[in-house]
$ cat target-v4.cif   # mmCIF, C-alpha atoms
data_entry
#
loop_
_atom_site.label_atom_id
_atom_site.label_comp_id
_atom_site.auth_asym_id
_atom_site.auth_seq_id
_atom_site.Cartn_x
_atom_site.Cartn_y
_atom_site.Cartn_z
CA MET A 1 23.17 100.28 100.11
CA ASP A 2 25.37 97.20 100.10
CA SER A 3 27.80 98.20 102.85
CA GLU A 4 28.75 100.91 105.31
CA ASP A 5 31.16 102.19 102.65
CA ASP A 6 28.10 103.43 100.76
CA MET A 7 27.02 105.47 103.76
CA HIS A 8 30.39 107.16 103.82
CA ASP A 9 30.09 107.83 100.09
CA ALA A 10 26.84 109.68 100.75
CA ASN A 11 28.78 112.43 102.47
CA ASP A 12 30.61 115.19 100.68
CA SER A 13 33.92 114.27 99.07
CA ALA A 14 35.94 112.03 101.37
CA ASP A 15 39.02 114.01 100.41
CA ASP A 16 37.75 116.99 102.39
CA ASP A 17 38.93 115.53 105.68
CA PHE A 18 40.72 117.01 108.63
CA TYR A 19 44.13 115.91 107.47
CA SER A 20 44.05 116.45 103.73
CA GLY A 21 42.80 120.02 103.85
CA GLY A 22 40.26 120.71 101.17
CA GLU A 23 38.08 123.78 101.06
CA ALA A 24 36.22 122.79 104.21
CA GLY A 25 39.30 121.52 106.07
CA LEU A 26 41.36 123.27 108.65
CA ALA A 27 43.91 125.77 107.45
CA ALA A 28 42.54 125.88 103.93
CA SER A 29 42.31 129.65 103.40
CA ASP A 30 45.04 131.73 101.87
CA ASP A 31 45.54 133.87 104.98
CA GLY A 32 46.27 130.83 107.15
CA ASP A 33 42.93 130.78 108.96
CA ALA A 34 40.72 127.68 108.97
CA ASP A 35 37.33 128.21 107.38
CA TYR A 36 34.37 126.06 108.34
CA ASP A 37 32.40 127.57 105.46
CA PHE A 38 29.42 128.48 107.61
CA ALA A 39 28.99 131.64 105.54
CA ASP A 40 27.84 129.55 102.59
CA HIS A 41 24.83 128.36 104.56
CA GLU A 42 23.66 131.91 105.26
CA SER A 43 22.53 132.26 101.68
CA ASP A 44 20.32 129.15 101.94
CA ASP A 45 16.60 129.61 101.85
CA SER A 46 15.69 129.36 105.55
CA ALA A 47 12.03 128.77 104.84
CA GLU A 48 12.93 125.80 102.66
CA LEU A 49 15.17 124.34 105.36
CA LEU A 50 12.61 124.73 108.13
CA SER A 51 9.70 123.46 106.04
CA HIS A 52 11.62 120.30 105.19
CA ARG A 53 10.12 117.51 107.27
CA GLN A 54 11.76 114.20 107.82
CA GLN A 55 10.08 111.15 106.42
CA GLN A 56 10.47 108.43 109.00
CA ASN A 57 12.69 105.85 107.35
CA TYR A 58 13.61 103.94 110.49
CA CYS A 59 12.05 101.76 113.16
CA ILE A 60 12.78 101.96 116.90
CA LEU A 61 13.27 98.52 118.48
CA SER A 62 12.91 97.66 122.15
CA GLU A 63 14.65 94.64 123.67
CA ALA A 64 11.48 92.59 123.22
CA GLY A 65 11.24 93.74 119.59
CA ILE A 66 14.86 92.80 118.95
CA LYS A 67 14.39 89.31 120.35
CA GLN A 68 11.20 88.85 118.35
CA ARG A 69 12.87 89.84 115.07
CA GLN A 70 15.84 87.64 115.89
CA GLU A 71 13.57 84.69 116.58
CA ASP A 72 11.63 85.34 113.36
CA ASP A 73 14.84 85.31 111.31
CA ILE A 74 16.01 82.10 112.98
CA ASN A 75 12.66 80.40 112.32
CA ARG A 76 12.66 81.56 108.70
CA VAL A 77 16.13 80.14 108.01
CA SER A 78 15.36 76.95 109.94
CA THR A 79 12.19 76.36 107.91
CA VAL A 80 13.62 77.14 104.47
CA LEU A 81 16.85 75.14 104.92
CA SER A 82 15.30 72.33 107.01
CA ILE A 83 17.86 72.61 109.81
CA THR A 84 17.55 73.01 113.56
CA LYS A 85 17.08 76.41 115.17
CA SER A 86 20.50 76.12 116.79
CA GLN A 87 22.13 75.55 113.40
CA ALA A 88 20.11 78.39 111.86
CA CYS A 89 21.30 80.69 114.65
CA ALA A 90 24.94 79.71 114.00
CA LEU A 91 24.49 80.34 110.27
CA LEU A 92 22.98 83.78 110.79
CA ARG A 93 25.76 84.80 113.19
CA SER A 94 28.37 83.75 110.65
CA TYR A 95 26.75 85.90 107.96
CA ASN A 96 25.98 88.96 110.10
CA TRP A 97 22.31 88.08 110.55
CA SER A 98 21.57 88.54 106.85
CA VAL A 99 18.84 86.05 105.90
CA SER A 100 19.30 86.66 102.17
CA LYS A 101 23.07 86.15 102.40
CA VAL A 102 22.58 82.86 104.26
CA HIS A 103 20.18 81.62 101.59
CA ASP A 104 22.48 82.67 98.74
CA GLU A 105 25.56 81.03 100.24
CA TRP A 106 23.75 77.88 101.30
CA PHE A 107 22.17 77.15 97.94
CA ALA A 108 25.39 78.03 96.12
CA ASP A 109 27.57 75.59 98.10
CA GLU A 110 25.98 73.87 101.10
CA GLU A 111 29.02 71.73 101.90
CA ARG A 112 31.37 74.71 102.08
CA VAL A 113 28.96 76.62 104.33
CA ARG A 114 28.66 73.65 106.66
CA ASN A 115 32.44 73.41 106.93
CA VAL A 116 32.80 77.14 107.60
CA VAL A 117 30.10 77.28 110.26
CA GLY A 118 31.04 73.98 111.87
CA PHE A 119 28.17 71.51 111.67
CA PRO A 120 28.35 68.34 109.55
CA GLU A 121 25.52 67.04 107.42
CA LYS A 122 25.14 63.99 109.67
CA CYS A 123 25.69 64.11 113.44
CA ILE A 124 28.12 61.59 114.85
CA GLU A 125 26.88 59.77 117.93
CA MET A 126 29.09 59.06 120.94
CA PRO A 127 30.42 55.49 121.25
CA ASN A 128 27.71 53.21 122.65
CA ASP A 129 29.74 52.06 125.68
CA ARG A 130 28.61 52.03 129.30
CA GLU A 131 31.59 54.17 130.30
CA LEU A 132 33.49 56.74 128.25
CA THR A 133 36.69 58.69 128.87
CA CYS A 134 36.36 62.46 129.05
CA GLY A 135 38.69 64.18 126.59
CA ILE A 136 39.52 66.95 129.10
CA CYS A 137 39.88 65.41 132.58
CA PHE A 138 40.47 61.85 131.25
CA GLU A 139 38.15 60.42 133.90
CA SER A 140 35.91 57.46 133.07
CA CYS A 141 32.26 58.47 133.37
CA ARG A 142 28.91 56.89 132.66
CA ARG A 143 27.68 57.55 129.13
CA ALA A 144 24.54 59.25 130.47
CA SER A 145 26.68 61.96 132.11
CA MET A 146 28.63 62.68 128.91
CA SER A 147 27.71 65.11 126.13
CA ALA A 148 29.09 65.84 122.68
CA ALA A 149 28.63 68.31 119.85
CA ALA A 150 27.73 67.14 116.33
CA CYS A 151 31.26 65.75 116.01
CA GLY A 152 30.68 63.07 118.69
CA HIS A 153 33.69 63.90 120.90
CA PRO A 154 32.57 63.00 124.44
CA PHE A 155 33.24 65.21 127.49
CA CYS A 156 31.77 65.01 130.97
CA SER A 157 29.18 67.52 132.14
CA THR A 158 31.57 69.12 134.64
CA CYS A 159 34.22 69.82 132.00
CA TRP A 160 31.60 71.05 129.54
CA ARG A 161 30.21 73.43 132.13
CA GLY A 162 33.66 74.80 132.98
CA TYR A 163 34.60 75.13 129.30
CA ILE A 164 31.38 77.00 128.45
CA SER A 165 31.55 79.23 131.54
CA THR A 166 35.13 80.27 130.77
CA ALA A 167 34.22 81.10 127.16
CA ILE A 168 31.17 83.15 128.18
CA ASN A 169 33.13 85.10 130.81
CA ASP A 170 35.76 85.90 128.16
CA GLY A 171 33.21 87.88 126.13
CA PRO A 172 31.13 87.74 122.94
CA GLY A 173 33.56 85.29 121.34
CA CYS A 174 31.53 82.57 123.06
CA LEU A 175 28.95 82.95 120.27
CA MET A 176 31.41 81.19 117.93
CA LEU A 177 32.33 78.45 120.42
CA ARG A 178 33.80 75.23 118.99
CA CYS A 179 34.33 71.71 120.28
CA PRO A 180 36.95 71.49 123.08
CA ASP A 181 38.93 68.95 121.04
CA PRO A 182 41.86 70.95 119.55
CA SER A 183 41.60 69.14 116.23
CA CYS A 184 37.84 69.66 115.85
CA ALA A 185 35.97 72.68 114.49
CA ALA A 186 32.41 71.53 115.24
CA ALA A 187 30.20 74.35 116.48
CA VAL A 188 28.77 74.37 119.99
CA GLY A 189 25.25 75.69 119.48
CA GLN A 190 22.80 77.49 121.70
CA ASP A 191 21.00 74.22 122.43
CA MET A 192 24.09 72.87 124.19
CA ILE A 193 24.54 76.14 126.06
CA ASN A 194 20.97 75.91 127.36
CA LEU A 195 21.50 72.25 128.28
CA LEU A 196 24.86 72.48 130.06
CA ALA A 197 25.42 76.05 131.32
CA ASP A 198 24.14 77.41 134.61
CA ASP A 199 21.47 80.13 134.75
CA GLU A 200 23.92 83.04 135.08
CA ASP A 201 25.96 81.95 132.08
CA LYS A 202 22.82 81.35 130.01
CA GLU A 203 21.68 84.88 130.78
CA LYS A 204 25.03 86.33 129.72
CA TYR A 205 25.00 84.26 126.54
CA GLY A 206 21.51 85.53 125.74
CA ARG A 207 22.65 89.15 126.16
CA TYR A 208 25.62 88.59 123.86
CA LEU A 209 23.33 86.98 121.30
CA CYS A 210 20.89 89.89 121.45
CA ARG A 211 23.68 92.47 121.10
CA SER A 212 25.17 90.51 118.22
CA TYR A 213 21.91 90.86 116.29
CA ILE A 214 22.25 94.66 116.42
CA GLU A 215 26.01 95.17 116.29
CA ASP A 216 26.75 92.68 113.49
CA ASN A 217 23.78 93.70 111.34
CA ARG A 218 24.56 96.58 108.97
CA LYS A 219 20.91 97.74 109.05
CA THR A 220 20.72 98.25 112.81
CA LYS A 221 22.52 100.30 115.46
CA TRP A 222 22.10 101.07 119.13
CA CYS A 223 20.92 104.52 120.09
CA PRO A 224 24.11 106.30 121.26
CA ALA A 225 22.39 108.14 124.14
CA PRO A 226 23.83 107.17 127.55
CA GLY A 227 21.69 104.53 129.23
CA CYS A 228 19.35 104.07 126.27
CA GLU A 229 18.51 100.45 125.45
CA TYR A 230 16.64 101.08 122.20
CA ALA A 231 18.02 100.05 118.82
CA VAL A 232 17.23 101.53 115.42
CA GLU A 233 16.61 99.71 112.15
CA PHE A 234 17.30 102.09 109.28
CA VAL A 235 16.05 101.95 105.69
CA MET A 236 18.52 103.55 103.31
CA GLY A 237 17.70 105.75 100.34
CA SER A 238 15.69 108.66 101.73
CA GLY A 239 18.57 111.14 101.72
CA SER A 240 18.18 111.99 105.43
CA TYR A 241 20.08 110.29 108.23
CA ASP A 242 18.22 112.01 111.09
CA VAL A 243 16.84 109.64 113.75
CA ASN A 244 14.74 110.54 116.80
CA CYS A 245 14.83 107.75 119.37
CA ASN A 246 12.03 107.05 121.83
CA CYS A 247 14.35 108.34 124.56
CA SER A 248 14.08 111.82 122.92
CA HIS A 249 17.69 111.70 121.71
CA GLY A 250 18.19 112.79 118.11
CA PHE A 251 21.23 111.52 116.23
CA CYS A 252 22.64 110.99 112.77
CA TRP A 253 22.49 107.38 111.61
CA ASN A 254 25.59 107.74 109.47
CA CYS A 255 28.04 109.00 112.12
CA THR A 256 25.97 108.46 115.35
CA GLU A 257 26.69 112.02 116.48
CA GLU A 258 23.88 114.38 117.49
CA ALA A 259 21.56 115.24 114.61
CA HIS A 260 23.32 117.91 112.53
CA ARG A 261 21.27 118.45 109.36
CA PRO A 262 22.05 120.23 107.05
CA VAL A 263 25.79 120.05 107.88
CA ASP A 264 27.52 116.97 106.46
CA CYS A 265 29.09 114.31 108.67
CA ALA A 266 32.64 115.10 107.57
CA THR A 267 32.37 118.70 108.79
CA VAL A 268 30.79 117.60 112.07
CA SER A 269 33.56 115.06 112.57
CA LYS A 270 36.19 117.75 112.13
CA TRP A 271 34.32 120.09 114.46
CA ILE A 272 34.00 117.49 117.22
CA LEU A 273 37.63 116.51 116.84
CA LYS A 274 38.67 120.13 117.25
CA ASN A 275 36.40 120.54 120.29
CA SER A 276 37.77 117.46 121.99
CA ALA A 277 41.08 119.03 123.02
CA GLU A 278 42.91 122.32 123.40
CA SER A 279 44.87 123.74 120.52
CA GLU A 280 48.17 122.17 121.54
CA ASN A 281 46.57 118.75 121.85
CA MET A 282 45.04 119.23 118.44
CA ASN A 283 48.43 120.08 117.02
CA TRP A 284 49.80 116.92 118.58
CA ILE A 285 47.12 114.87 116.83
CA LEU A 286 48.02 116.48 113.53
CA ALA A 287 51.71 115.78 114.02
CA ASN A 288 51.54 112.24 115.42
CA SER A 289 48.57 110.51 113.84
CA LYS A 290 47.17 109.73 110.44
CA PRO A 291 43.55 109.20 109.34
CA CYS A 292 42.24 105.80 108.36
CA PRO A 293 41.81 106.09 104.57
CA LYS A 294 38.33 104.56 104.85
CA CYS A 295 36.60 105.94 107.96
CA LYS A 296 38.93 108.95 108.64
CA ARG A 297 39.39 108.17 112.34
CA PRO A 298 42.84 109.29 113.59
CA ILE A 299 45.27 106.45 114.31
CA GLU A 300 48.53 106.65 116.29
CA LYS A 301 51.25 104.13 115.48
CA ASN A 302 53.64 103.62 118.40
CA GLN A 303 55.28 100.31 117.51
CA GLY A 304 55.36 97.44 115.06
CA CYS A 305 55.42 97.20 111.29
CA MET A 306 53.71 99.34 108.66
CA HIS A 307 50.70 97.02 108.35
CA ILE A 308 47.83 98.85 110.12
CA THR A 309 44.33 97.49 110.78
CA CYS A 310 41.67 100.02 111.80
CA THR A 311 39.49 99.16 114.80
CA PRO A 312 36.00 97.65 114.34
CA PRO A 313 33.61 98.18 112.70
CA CYS A 314 35.90 99.60 109.98
CA LYS A 315 38.71 96.95 110.05
CA PHE A 316 40.34 98.48 106.98
CA GLU A 317 43.93 97.28 106.41
CA PHE A 318 46.39 99.79 104.98
CA CYS A 319 50.04 100.88 104.80
CA TRP A 320 51.03 103.42 107.45
CA LEU A 321 53.46 105.25 105.16
CA CYS A 322 51.50 105.74 101.93
CA LEU A 323 47.96 105.03 103.31
CA GLY A 324 47.30 102.67 100.42
CA SER A 325 45.35 99.43 100.77
CA TRP A 326 47.51 96.66 102.24
CA SER A 327 46.20 94.22 99.62
CA GLU A 328 48.38 96.11 97.11
CA HIS A 329 51.53 95.73 99.23
CA GLY A 330 53.99 92.91 99.66
CA GLU A 331 57.63 92.02 99.24
CA ARG A 332 57.81 93.94 95.98
CA THR A 333 56.86 97.19 97.73
CA GLY A 334 59.31 96.82 100.61
CA GLY A 335 57.69 94.25 102.92
CA PHE A 336 56.35 95.02 106.35
CA TYR A 337 58.84 97.69 107.43
CA ALA A 338 59.24 99.88 104.34
CA CYS A 339 57.24 101.22 101.41
CA ASN A 340 58.84 101.94 98.06
CA ARG A 341 55.77 103.85 96.91
CA TYR A 342 56.04 106.26 99.81
CA GLU A 343 59.76 106.89 99.31
CA ALA A 344 59.29 107.63 95.61
CA ALA A 345 56.38 109.99 96.28
CA ARG A 346 58.26 111.81 99.05
CA GLN A 347 61.24 112.46 96.79
CA GLU A 348 58.84 114.01 94.31
CA GLY A 349 57.47 116.32 97.03
CA ALA A 350 54.04 114.69 97.20
CA TYR A 351 53.88 115.02 101.00
CA ASP A 352 55.14 118.61 101.35
CA GLU A 353 51.61 119.99 101.14
CA SER A 354 50.33 117.93 104.09
CA GLU A 355 53.18 119.19 106.25
CA ARG A 356 52.38 122.77 105.25
CA ARG A 357 48.75 122.29 106.22
CA ARG A 358 49.71 120.98 109.61
CA GLU A 359 51.76 124.09 110.23
CA MET A 360 48.97 126.37 109.10
CA ALA A 361 46.53 124.67 111.50
CA LYS A 362 48.29 126.35 114.41
CA ASN A 363 46.93 129.69 113.21
CA SER A 364 43.28 128.60 113.29
CA LEU A 365 42.65 128.96 117.04
CA GLU A 366 41.21 132.47 116.89
CA ARG A 367 38.65 131.59 114.24
CA TYR A 368 37.80 128.36 116.04
CA THR A 369 37.16 130.23 119.33
CA HIS A 370 34.76 132.60 117.57
CA TYR A 371 32.59 129.76 116.33
CA TYR A 372 32.92 127.57 119.41
CA GLU A 373 31.58 130.21 121.82
CA ARG A 374 28.43 130.66 119.73
CA TRP A 375 27.96 126.97 119.11
CA ALA A 376 28.34 126.17 122.83
CA ALA A 377 25.73 128.80 123.73
CA ASN A 378 23.28 127.27 121.27
CA GLN A 379 24.01 123.79 122.64
CA SER A 380 23.29 125.00 126.17
CA SER A 381 19.93 126.36 125.03
CA ARG A 382 19.16 123.08 123.33
CA HIS A 383 19.90 121.03 126.43
CA LYS A 384 17.62 123.29 128.48
CA ALA A 385 14.86 122.78 125.91
CA LEU A 386 15.27 119.01 126.20
CA GLY A 387 14.98 119.29 129.98
CA ASP A 388 11.80 121.34 129.59
CA LEU A 389 10.43 118.70 127.21
CA GLN A 390 11.10 115.98 129.77
CA SER A 391 9.27 118.02 132.40
CA LEU A 392 6.37 118.53 130.00
CA GLN A 393 6.08 114.82 129.33
CA ASN A 394 6.37 113.74 132.95
CA ASP A 395 4.35 116.37 134.82
CA LYS A 396 2.71 119.18 132.90
CA LEU A 397 0.93 117.05 130.30
CA GLU A 398 -0.84 115.12 133.06
CA LYS A 399 -1.92 118.35 134.80
CA LEU A 400 -3.13 119.82 131.53
CA SER A 401 -5.10 116.63 130.90
CA ASP A 402 -6.85 117.04 134.25
CA ILE A 403 -7.61 120.72 133.63
CA GLN A 404 -8.98 120.16 130.12
CA SER A 405 -10.72 116.89 131.06
CA GLN A 406 -9.18 115.20 128.05
CA PRO A 407 -7.05 112.04 127.83
CA GLU A 408 -3.32 112.55 127.41
CA SER A 409 -3.47 110.84 124.03
CA GLN A 410 -5.51 113.81 122.75
CA LEU A 411 -2.75 116.22 123.83
CA LYS A 412 0.18 114.49 122.16
CA PHE A 413 0.15 117.18 119.47
CA ILE A 414 1.85 119.47 122.01
CA ILE A 415 4.80 117.08 122.25
CA GLU A 416 4.94 116.79 118.47
CA ALA A 417 4.94 120.57 118.09
CA TRP A 418 7.71 120.83 120.68
CA LEU A 419 9.81 118.23 118.84
CA GLN A 420 9.17 120.04 115.54
CA GLU A 421 10.43 123.26 117.09
CA GLY A 422 13.42 121.32 118.42
CA THR A 423 14.26 120.17 114.90
CA GLU A 424 14.36 123.78 113.75
CA VAL A 425 16.62 124.67 116.69
CA ASP A 426 18.95 121.79 115.77
CA ILE A 427 19.26 123.22 112.26
CA CYS A 428 20.05 126.69 113.62
CA ILE A 429 22.79 125.29 115.86
CA TRP A 430 24.74 124.23 112.80
CA LEU A 431 24.05 127.41 110.78
CA LEU A 432 26.24 130.00 112.46
CA PRO A 433 26.85 133.42 110.89
CA PRO A 434 30.32 134.22 109.53
CA ARG A 435 32.89 135.96 111.67
CA ALA A 436 32.93 139.71 111.20
#
$ encode --input "target-v4.cif" --output "structure tokens"
Amino acid sequence: MDSEDDMHDANDSADDDFYSGGEAGLAASDDGDADYDFADHESDDSAELLSHRQQQNYCILSEAGIKQRQEDDINRVSTVLSITKSQACALLRSYNWSVSKVHDEWFADEERVRNVVGFPEKCIEMPNDRELTCGICFESCRRASMSAAACGHPFCSTCWRGYISTAINDGPGCLMLRCPDPSCAAAVGQDMINLLADDEDKEKYGRYLCRSYIEDNRKTKWCPAPGCEYAVEFVMGSGSYDVNCNCSHGFCWNCTEEAHRPVDCATVSKWILKNSAESENMNWILANSKPCPKCKRPIEKNQGCMHITCTPPCKFEFCWLCLGSWSEHGERTGGFYACNRYEAARQEGAYDESERRREMAKNSLERYTHYYERWAANQSSRHKALGDLQSLQNDKLEKLSDIQSQPESQLKFIIEAWLQEGTEVDICIWLLPPRA
């Protein structure tokens, strides 16, 4: 897939969200009760569901594996484009660590790419004087104690160190650091960081760089389990988003929630949203927020104009009133504080239905309680099973190995059988019978 939008398209219709209603939405039935449509799953062939085995279409990456892949990509770009590793690293960061995208953009217009990233074709040397004036503290220093980026603007080592340390302590933005000269956009690469920063700052910079490789790359994500340091590289196209991390946590690649096959991500998102607060809080969300048209996350607007930008990684820009893309808005549609499209649609009654659905949602608590009690009981059983699995891995497998006089590697089939049974339990958690 070309973008995360494609992953969202893989779900059921995006119109079936929490706010718009739909057959699977809250308050969609004629009698005013919300229907999660669990009854439809009861007719599924259980044997077919349980016999379905996931084809592993992902790779679990440790910190060492991440750094190795990152280094391989940097070396590949550096070799093909005949540039330094520091420049290759800056290029990859600018293009979300996509080697193919870097190659395409570079060979299409090398000069433009250099200007965007911030390194000129030829490095400019500092003036060849015995003493130079630092552009920050304006002190005269020996040339040997001065340093400059590819632009040639000289600054003393003390000012460089303070400038770099401040940027690193401010957060991951230090990965796109530029020359301290306000009029210059030359990039400050990793080579200068390693040369001028102290050990603590270099360590922080390295962590930011490692995290950037995962968080900016559309093919990789961190395992969402608390305390887990593994990342997952996912290969799209298999039809299953289930991932089992080495930490024993199973999750859905698409939405990063716990593995929920065969239920779609949209239904799980609505279920988790409803579980996250009591009924009155849920009603407040319905009344005071709107969903991002792209990722469906609820957004509250408490000040400012009608131009809304969703939080990363979505970053979709839209109009608060009509929820249309902001690229289609401007002065002709009412500017930043009004929307002619919304006013015209409201006069035609286009938004009456959404208000009716919000009112009907108040009547869904009884049905929700029925399903929640059963789902919570199944979740409790699942967590106990995971605890038993941990005990089996840590203690019992070793004892069994001693009793049977066989190496633990020969008994791994027990763990695999346990995980297979866990997959079937995960499926059952999301297939609850209908309310009587």
$ atom_distance --input "target-v4.cif" --atom1 "atom CA of A:Cys247" --atom2 "atom CA of A:Arg261"
19.5 Å
$ resolve_selection --input "target-v4.cif" --expression "the PyMOL selection byres ((chain A and resi 134) around 12)" --output "list in words"
Met126, Glu131, Leu132, Thr133, Gly135, Ile136, Cys137, Phe138, Glu139, Ser140, Cys141, Arg142, Arg143, Ser145, Met146, Ser147, Ala148, Gly152, His153, Pro154, Phe155, Cys156, Ser157, Thr158, Cys159, Trp160, Pro180 and Asp181 of chain A
$ resolve_selection --input "target-v4.cif" --expression "the PyMOL selection byres ((chain A and resi 108-122) around 7)" --output "MDAnalysis selection string"
chainID A and resid 90:91 94 104:107 123:124 150 185:187
$ write_last_selection --input "target-v4.cif" --atoms "C-alpha atoms" --output "compact mmCIF listing (two decimals), in the frame of the given file"
# COMPACT_ATOMS: atom_id res chain seq x y z
CA ALA A 90 24.94 79.71 114.00
CA LEU A 91 24.49 80.34 110.27
CA SER A 94 28.37 83.75 110.65
CA ASP A 104 22.48 82.67 98.74
CA GLU A 105 25.56 81.03 100.24
CA TRP A 106 23.75 77.88 101.30
CA PHE A 107 22.17 77.15 97.94
CA CYS A 123 25.69 64.11 113.44
CA ILE A 124 28.12 61.59 114.85
CA ALA A 150 27.73 67.14 116.33
CA ALA A 185 35.97 72.68 114.49
CA ALA A 186 32.41 71.53 115.24
CA ALA A 187 30.20 74.35 116.48
$ closest_residue --input "target-v4.cif" --among "A:Lys219, A:Arg76, A:Arg130, A:Lys384" --to "A:Val102" --atoms "all atoms listed in the file"
A:Arg76
$ atom_distance --input "target-v4.cif" --atom1 "atom CA of A:Pro224" --atom2 "atom CA of A:Ser100"
27.8 Å
$ axis_aligned_box --input "target-v4.cif" --around "stretch 142-159 of chain A" --padding-each-side "5 Å" --output "AutoDock Vina command-line options"
--center_x 29.4 --center_y 63.4 --center_z 125.3 --size_x 19.7 --size_y 22.9 --size_z 28.6
$ residues_around --input "target-v4.cif" --residues "A:Val235" --least-positions-apart "5" --cutoff "9 Å" --atoms "only C-alpha atoms" --output "ChimeraX atom specification"
/A:57-59,219
$ resolve_selection --input "target-v4.cif" --expression "the PyMOL selection byres ((chain A and resi 195-198) around 12)" --output "PyMOL selection string"
chain A and resi 145-149+155-169+188-194+199-206
$ atom_distance --input "target-v4.cif" --atom1 "atom CA of A:Pro127" --atom2 "atom CA of A:Lys85"
25.5 Å
$ closest_residue --input "target-v4.cif" --among "A:Asn217, A:Gln379, A:Thr84, A:Thr333" --to "A:His260" --atoms "only C-alpha atoms"
A:Gln379
$ closest_residue --input "target-v4.cif" --among "A:Ile308, A:Tyr95, A:Ala225, A:Lys270" --to "A:Thr256" --atoms "all atoms listed in the file"
A:Ala225
